[in-house]
Structure formats: C-alpha cells, structure tokens
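So the structure is just underneath, and the comments pick up after that.
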Amino acid sequence: MPYRDIDMNENKMLRIRSNIAGILAVIWMGVIFIFSAQNNEESSVVSEGFSDRIVGTAGWLFRLHLSEERLYEIAYAIEFFIRKAAHMTEFAILAVLLYIWLCRWQLTRLRRYGLAVAATILYACSDEFHQLFVEGRAGQISDVAVDGMGALLGLALFLLLQEAFRRMRRKKT
C-alpha cells in the first residue's frame with residue numbers, strides 16, 4: 001500500500017475521531033448544564049449520597065467498624081472536597097474532548113492545549129452565570145478557578161498518558 005494512502009486513511013480517522021469528540025463535547029456541556037440546573041437541595045442530595053457511598057465503601061474495604069453516626073460525620077466532612085473534585089473532573093473531561101476536537105486543525109500541541117483550556121474556562125464562566133438563575137445556587141468565581149484548574153490538570157494528565165502510550169508503541173516497533 002503506498003504511503004500516500006496511509007496518510008489519507010490516517011487523516012480520515014483523525015477527522016472521524018475529531019467529529020466524535022466534538023459531538024461528545026456538546027453532549028458533555030449539556031450534562032454539565034443539567035447538573036448546574038439542579039437547585040441547592042438536589043445538588044446536595046447527589047453529593048451527599050456520593051460521599052456516603054465513598055465512606056461506606058472505604059469502611060467496608062478497610063474493615064473500619066465505624067458507627068452509622070461516625071460514617072455520616074466523615075461523609076459530611078469530605079463532601080466539600082467531593083464537590084470540588086466533581087467540578088474539576090467535569091471540566092477536565094470537557095477540556096480533553098475539546099482538545100481532541102481541535103486536532104482536526106493543524107495547530108501546535110501548545111496552541112490546541114491553550115484553546116481547549118480557554119474554551120473550557122469560558123464555558124465554566126457561562127456555567128456559573130447560569131447558576132445565578134437557579135434557586136439556592138450562586139455563581140462563584142472560585143468555582144471557575146476550580147473548573148479551570150481541572151481543565152489544566154486533566155488535559156496535562158491526558159497529554160502525559162498519550163505521550164507514554166506513544167513511547168510504548170515506538171519501543172514495540
């Protein structure tokens with residue numbers, strides 16, 4: 001098979017992957033919007049439930065014979081961190097999807113990284129603005145900072161993993 005055909009096939013696969021990532025990014029923005037549309041009580045129920053499951057699972061795994069009251073205290077104590085970790089994760093995923101979508105254009109990695117993070121932070125700003133209109137919620141600059149940090153770190157981790165896999169593939173050939 002001529003080298004040119006391989007390039008055309010790779011280019012086609014790149015476009016398909018990029019299109020899929022773009023579609024998934026829009027869907028993910030919708031998921032973030034839905035989470036942000038939850039009022040304070042609904043949002044608290046979700047994060048409290050998640051915190052309870054984490055503490056309960058950790059207690060079971062490590063055989064920490066804790067009372068229900070103590071489990072609740074620990075879950076309540078970590079809920080803030082769970083919320084912030086969820087924010088970071090949501091926006092890390094969005095940044096990765098946007099980065100992959102941007103691969104369709106001939107940009108340097110650094111430029112794609114910057115554009116993906118900038119677009120993610122802009123969406124985080126719009127998300128916090130949206131929360132101003134949701135009962136019991138408040139748009140906070142600190143959440144935009146957490147979201148932006150999630151985008152930066154999540155995308156950096158993605159690129160490190162991508163490079164590690166690339167190097168492993170090169171060693172095999």
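Naming scheme: A, B, ... for chains in displayed order of the structure tokens; residues 1 onward per chain; ligands 1 onward as shown.
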Range 87-107 of chain A residues near range 25-45 of chain A within 8 Å, closest pair each, using only C-alpha atoms, as a Markdown table:
| residue | atom | partner | partner_atom | distance |
| --- | --- | --- | --- | --- |
| A:Glu90 | CA | A:Ile32 | CA | 7.1 |
| A:Leu94 | CA | A:Ala25 | CA | 5.9 |
| A:Leu97 | CA | A:Ala25 | CA | 5.5 |
| A:Leu98 | CA | A:Ala25 | CA | 6.3 |
Rounded to one decimal in Å, what is the spacing between CA of Ile93 in chain A and CA of Phe158 in chain A?
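Computed distance, CA of Ile93 in chain A to CA of Phe158 in chain A, equals 9.5 Å.
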Let's see if you can do this: from backbone DSSP, list all helix (DSSP H, G or I) residues in range 4-141 of chain A, as a PyMOL selection string.
chain A and resi 4-36+40-61+68-102+109-131+141
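The spacing separating CA of Gly154 in chain A from CA of Lys84 in chain A amounts to 13.7 Å.
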In Å, how far is it from CA of Gly148 in chain A to CA of Ala124 in chain A?
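Result for CA of Gly148 in chain A versus CA of Ala124 in chain A: 7.5 Å, one decimal.
For the residues A:Asp143, A:Arg104, A:Met88, A:Leu161, ranking by smallest atom-to-atom distance to Ser126 in chain A using only C-alpha atoms places A:Asp143 first.
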Ile82 in chain A surroundings by only C-alpha atoms, 12 Å radius, close-in-sequence under 2 positions cut, as an MDAnalysis selection string:
chainID A and resid 43:44 46:55 74:80 84:89
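The residue set within 8 Å of range 109-112 of chain A, counting only C-alpha atoms and dropping same-chain residues fewer than 5 places from it, reads Tyr99, Leu102 and Cys103 of chain A.
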Residue selection dump (N, CA and C atoms) as an mmCIF file, in the first residue's frame:
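Once written, result_3.cif looks like this:
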data_model
loop_
_atom_site.group_PDB
_atom_site.id
_atom_site.type_symbol
_atom_site.label_atom_id
_atom_site.label_comp_id
_atom_site.auth_asym_id
_atom_site.auth_seq_id
_atom_site.Cartn_x
_atom_site.Cartn_y
_atom_site.Cartn_z
ATOM 1 N N TYR A 99 -9.908 19.374 23.175
ATOM 2 C CA TYR A 99 -8.562 19.204 22.637
ATOM 3 C C TYR A 99 -8.584 18.221 21.458
ATOM 4 N N LEU A 102 -10.112 19.755 18.466
ATOM 5 C CA LEU A 102 -9.223 20.728 17.825
ATOM 6 C C LEU A 102 -8.109 20.070 17.009
ATOM 7 N N CYS A 103 -7.924 18.764 17.151
ATOM 8 C CA CYS A 103 -6.881 18.066 16.390
ATOM 9 C C CYS A 103 -7.135 18.104 14.890
#
Nearby residues (only C-alpha atoms) at most 10 Å from Ala156 in chain A, same-chain spacing under 5 positions excluded, as a PyMOL selection string
chain A and resi 92+95-96+113+150-151+161-162
Compare A:Leu132, A:Gly56, A:Asn11, A:Trp105 by their minimum atom-to-atom distance to Glu69 in chain A, counting only C-alpha atoms, and give me the closest one.
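Closest residue, counting only C-alpha atoms: A:Gly56.
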